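Enquirer: This is the structure I want to talk about, given as structure tokens.
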Amino acid sequence: MNYLYWLSQITPLEQLLVGEQVFILSQLLQHGYPIVPGFVIGTPVLREFLSILDDSPSAIANLLDSSLHVNINDYRALKLVAQKSRQTILDATFPEQWQEKLFASAQKLNAAILILRPSLAIPHSLRQNSIGLWRSQVCFCQPEALSLALKKVWAELFGAKSLFYWQKLGIGTEKLDLAVLVQPLKDAIASGIIEIEPKTICIQATWGLGHSLLLGQVQPDVYEVERKTGKILKQQLGSKTLAYRLPSSLETAKQTPSFAQTTASVALLQIQDYLESYLVSEQEQNQYILDNAATCQLTQLTEELIAKRPLIKYLEWMSPVAAQTTTSAQFYFTQLNYYRSLCSCQIHSSVLASPQNSQSFLTGLAASPGIVTAAVRVTPQLELEQQAIASEAIVVTKSITPYQITRLQNIKGIITEAGGNTSHGAIIARELGIPAVVGVANATQLLQTGETVLLNGNTGEIYRLQKTVKERDRENKETKRRGNKEKITNFPFPNHPIATQLMVNLSQKSALANAASLPVDGVGLVRSELMLLDLLSSRSLQEWLKGEQKLELLETIVSLLRQFVAAFTPRPVFYRSFDWRAAEFSSSAKANPIVETRGTYHYLLDSTLFDLELEALARVWAEGYTNLNLILPFVRSVEEFNFCRRRVERVGLSERASFQLWIMAEVPSVIFLLPDYVKAGVQGIAIGINDLTQLLLGVDREQAHFAARGLHANHPAIVEAIAQLIHKAKTAGIPCSLCAHAPVEYPSLLNCLVRCGITAISVEPEAVPATYQAIARAEQGLLLEAARKNKISVGEL
């Protein structure tokens, strides 16, 4: 065993042998930061171990071949391959010389119990999805127990859950390198996690070891600290009734000769079997774990860490029992990540569901989350409004079309009489990140300009309030300080990753920074019409395509695309070319544009704008941004696709190996003609469920009464159509995504998408936490269903 590295001595040349996160921990430790020490078993050790199984060079080949080609949809086969692979590793004889060297290193950690943490050396684009894929193992510091625990970490690479996940991503286990970090498991007074936001640091704290927090058994204390000033903005007392610690007899046992003779069977225990749970005293339950000084000290340490490694967004910390003997708190960091978890530690102000001073209220459909209090501006026909709309107002109107977005950029909320969750008013509100309630009958008549209302975009409720001007101004200042709105995003982070890709729909550059920090796989849909509406509000599209304005339009598209792909690189960005629909960009056109000369059919008539967009894509690619892809909108025929493909080829994009040309699957004929589209060169489909619903069910998305009668995206006919599209895409060997709010609105639809094996689901940024959890729950349900059907133990999953 020649690849053991002390955490305090790892060099840059050894990064690929230990994994990036372990390398970063090492660098921080070497620069004096409080990192728990340890040593690393490098990635070559696993390969060397597998190569000597049964002294047969073919053993590793057979093992990798079975794991690579197992049909993950055949759960019995998956179970057998996983069991055989794991058992082969667990039953293998661990070389005696390795065991001696490993134990000698472990003894230097001076700990009775050790924790072995897996560390993957994988591409950056996959790191966030691999969070939690393998469990850490715990064992006594004893030779046989240590070697068995190490084999258990390695065996996790071939577990059913692991094989399912990596094959879904098209990655074979032969391409994965796994190192193992060995650290002492020390007792802790308190522990928790830290999440780094652009303007604040959020700290969670619980008593004892962090096991109770990670299992969701307690509600931690939460502290929100302003990064610029170090000021504690808010703190919230948690519910900390249970805690974990190391058994008090362990240190005594460690000193006795009999401890070294402990049988290796103890390594089969789970982590909770090594810990002692205890009830927290009433006094400790009712007191904050961190006082002001400790909070500031932990914040300062975090800032120093970020200054060294700015990309860090998540940390796990602990305060050892030994710190009780010091005059000030002492903290150590045990884990870090470049991605925040989905468990928000933001403190939310309590806003009453029915304010005590409310006179009456209206209800509609909750279209965009958030809670806001402001004066309303009633404008029944927004397109005819000549006066400027106050930036602090909630706009009340009959309906909204995309071309009006530039007039709404700085408002605080939207109320519309028409529309459902797929209406343009709802989509625009979610793009702008402001609360909205749609489908509110007679709102323009029942509300008056200037009166104050509370708009709850989470529940669809609107309350008329009695407030003085001073009270309203004070609330507005407080709302600004909180970030302009309250969001309900307190969803627990699943203890395993998801195989279904989760992406975001994004068209406004103002939302880039926040969206790019989310644990998503990329941008599933950039709506070009919404991305360019700032420009189109100043002059018509026809004017932009003439003379010098055409060059300015090109430069604007290049600049905007560059910002999107740069923010998400190397994660993919799917840009949907312009879907011109006159009814949405003209106040004089008819109401529903579903059957206009739109989409790629319009390109046949006039390809000027499309050619300009292709030139912009080619320029961004030439700058080295290889994560940009194209989706064609509203494709009615293979002829239209061929016309577009030839123009894509003409600018050289088809020659780029990783460039992908997709189509929107929103015209029902795509269901029947998908094999023909694939033969013509389609490389993927994005299901446009909003238009698909309109065309299949014969409804208007702007009229909420259709959805109220069950004619919506979760209608059996729509679900069946989507299932067929996914099945045909899988048969053709191309990816399939769905870009819409519908999976958020209809959980049963999301379950169907996951069961059918959809490649990706793309939602608005604020819906990412709930969607991540829903996907994780659906995937775990598939595995548990397979376990019950095939009598697989839960541990094997």
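Just so we're on the same page: first chain in the structure tokens is A, next is B, and so on; residues restart at 1 for each chain, and ligands are numbered from 1 in the order they show up.
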Pick out the residues sitting within 7 Å of Thr43 of chain A, and hand them over as a list of chain:residue names; count only C-alpha atoms, and ignore anything fewer than 4 positions along from it in its own chain.

Expert: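 The contact residues come out as A:Leu17, A:Val18, A:Asp177, A:Leu178, A:Ala179.
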
Enquirer: Could the residues in this selection be saved with all heavy atoms as a PDB file, in the first residue's frame?

Expert:
```
ATOM      1  N   LEU A  17      -5.132  11.959  -7.051  1.00  0.00           N
ATOM      2  CA  LEU A  17      -5.049  10.709  -6.295  1.00  0.00           C
ATOM      3  C   LEU A  17      -5.890  10.744  -5.026  1.00  0.00           C
ATOM      4  O   LEU A  17      -6.099   9.704  -4.395  1.00  0.00           O
ATOM      5  CB  LEU A  17      -3.589  10.406  -5.944  1.00  0.00           C
ATOM      6  CG  LEU A  17      -2.620  10.278  -7.130  1.00  0.00           C
ATOM      7  CD1 LEU A  17      -1.200  10.056  -6.631  1.00  0.00           C
ATOM      8  CD2 LEU A  17      -3.043   9.142  -8.047  1.00  0.00           C
ATOM      9  N   VAL A  18      -6.365  11.923  -4.637  1.00  0.00           N
ATOM     10  CA  VAL A  18      -7.119  12.041  -3.385  1.00  0.00           C
ATOM     11  C   VAL A  18      -8.502  12.659  -3.591  1.00  0.00           C
ATOM     12  O   VAL A  18      -9.338  12.612  -2.691  1.00  0.00           O
ATOM     13  CB  VAL A  18      -6.338  12.879  -2.344  1.00  0.00           C
ATOM     14  CG1 VAL A  18      -5.016  12.212  -2.000  1.00  0.00           C
ATOM     15  CG2 VAL A  18      -6.129  14.306  -2.829  1.00  0.00           C
ATOM     16  N   ASP A 177     -12.776   7.036  -9.892  1.00  0.00           N
ATOM     17  CA  ASP A 177     -11.663   6.818  -8.973  1.00  0.00           C
ATOM     18  C   ASP A 177     -12.103   7.236  -7.582  1.00  0.00           C
ATOM     19  O   ASP A 177     -12.612   8.349  -7.383  1.00  0.00           O
ATOM     20  CB  ASP A 177     -10.438   7.623  -9.408  1.00  0.00           C
ATOM     21  CG  ASP A 177      -9.783   7.021 -10.643  1.00  0.00           C
ATOM     22  OD1 ASP A 177      -9.621   5.791 -10.675  1.00  0.00           O
ATOM     23  OD2 ASP A 177      -9.449   7.781 -11.567  1.00  0.00           O
ATOM     24  N   LEU A 178     -11.890   6.360  -6.614  1.00  0.00           N
ATOM     25  CA  LEU A 178     -12.386   6.588  -5.265  1.00  0.00           C
ATOM     26  C   LEU A 178     -11.242   6.543  -4.262  1.00  0.00           C
ATOM     27  O   LEU A 178     -10.563   5.535  -4.118  1.00  0.00           O
ATOM     28  CB  LEU A 178     -13.433   5.523  -4.914  1.00  0.00           C
ATOM     29  CG  LEU A 178     -14.134   5.663  -3.560  1.00  0.00           C
ATOM     30  CD1 LEU A 178     -14.979   6.925  -3.533  1.00  0.00           C
ATOM     31  CD2 LEU A 178     -15.002   4.448  -3.286  1.00  0.00           C
ATOM     32  N   ALA A 179     -11.040   7.662  -3.586  1.00  0.00           N
ATOM     33  CA  ALA A 179     -10.101   7.721  -2.472  1.00  0.00           C
ATOM     34  C   ALA A 179     -10.905   7.690  -1.174  1.00  0.00           C
ATOM     35  O   ALA A 179     -12.131   7.856  -1.188  1.00  0.00           O
ATOM     36  CB  ALA A 179      -9.250   8.990  -2.552  1.00  0.00           C
TER      37      ALA A 179
END
```

Enquirer: Neighbouring residues of Glu100 of chain A were defined as those with any atom within 12 Å, considering only C-alpha atoms; residues of the same chain fewer than 2 positions away were excluded. Please report them as a VMD selection string.

Expert: chain A and resid 1 94 to 98 102 to 107 142 to 144 146 to 147

Enquirer: Between atom CA of Ala155 of chain A and atom CA of Gly757 of chain A, measure the distance and give it in Å to one decimal.

Expert: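 Atom CA of Gly757 of chain A lies 26.2 Å from atom CA of Ala155 of chain A.
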
Enquirer: Can you pull out every residue within 9 Å of Ser559 of chain A, counting only C-alpha atoms, but drop anything in the same chain fewer than 5 positions away, and send it as a PyMOL selection string?

Expert: chain A and resi 554+564+616+620

Enquirer: Include N, CA, C and O atoms and write out the residues we just selected as a tab-separated table (two decimals), in the first residue's frame.

Expert:
```
chain	number	residue	atom	x	y	z
A	554	LEU	N	-27.39	41.92	-32.95
A	554	LEU	CA	-26.47	40.78	-32.91
A	554	LEU	C	-25.54	40.87	-31.70
A	554	LEU	O	-25.34	39.89	-30.97
A	564	PHE	N	-24.91	34.13	-19.85
A	564	PHE	CA	-25.58	32.91	-19.41
A	564	PHE	C	-24.61	31.73	-19.37
A	564	PHE	O	-24.54	31.00	-18.37
A	616	ALA	N	-24.88	34.51	-33.74
A	616	ALA	CA	-24.53	34.80	-32.34
A	616	ALA	C	-24.06	33.54	-31.63
A	616	ALA	O	-23.06	33.56	-30.89
A	620	VAL	N	-20.30	32.85	-29.90
A	620	VAL	CA	-20.10	32.46	-28.49
A	620	VAL	C	-19.31	31.15	-28.43
A	620	VAL	O	-18.41	30.99	-27.59
```

Enquirer: Given the choices A:Leu290, A:Val153, A:Leu560, A:Ala367, which gets closest to Leu120 of chain A if the distance is worked out from only C-alpha atoms?

Expert: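 Of A:Leu290, A:Val153, A:Leu560, A:Ala367, the one nearest Leu120 of chain A, counting only C-alpha atoms, is A:Val153.
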
Enquirer: May I ask which of the residues A:Ala82, A:Ile415, A:Leu447, A:Ala149 is the closest one to Gln99 of chain A, counting only C-alpha atoms?

Expert: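 Closest to Gln99 of chain A of all the choices is A:Ala149.
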
Enquirer: Using only C-alpha atoms, which residues sit within 7 Å of Gln660 of chain A once same-chain residues fewer than 4 positions away are excluded, as a list of chain:residue names?

Expert: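 My list of contacting residues is A:Asn629, A:Leu630, A:Gln683.
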
Enquirer: Keeping only N, CA, C and O atoms, take the residues you just selected and write them out as an mmCIF file, in the first residue's frame.

Expert:
```
data_model
loop_
_atom_site.group_PDB
_atom_site.id
_atom_site.type_symbol
_atom_site.label_atom_id
_atom_site.label_comp_id
_atom_site.auth_asym_id
_atom_site.auth_seq_id
_atom_site.Cartn_x
_atom_site.Cartn_y
_atom_site.Cartn_z
ATOM 1 N N ASN A 629 -26.204 25.151 -26.305
ATOM 2 C CA ASN A 629 -26.947 24.290 -27.230
ATOM 3 C C ASN A 629 -28.201 25.009 -27.712
ATOM 4 O O ASN A 629 -28.587 26.045 -27.166
ATOM 5 N N LEU A 630 -28.842 24.442 -28.743
ATOM 6 C CA LEU A 630 -29.978 25.106 -29.378
ATOM 7 C C LEU A 630 -31.224 24.221 -29.366
ATOM 8 O O LEU A 630 -31.149 23.024 -29.674
ATOM 9 N N GLN A 683 -31.319 15.673 -31.894
ATOM 10 C CA GLN A 683 -30.465 15.049 -30.873
ATOM 11 C C GLN A 683 -31.087 15.052 -29.487
ATOM 12 O O GLN A 683 -30.498 14.517 -28.540
#
```

Enquirer: Counting only C-alpha atoms, which of A:Pro12, A:Gly684, A:Pro765, A:Gly32 gets nearest to Ala513 of chain A?

Expert: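 Of A:Pro12, A:Gly684, A:Pro765, A:Gly32, the one nearest Ala513 of chain A, counting only C-alpha atoms, is A:Pro765.
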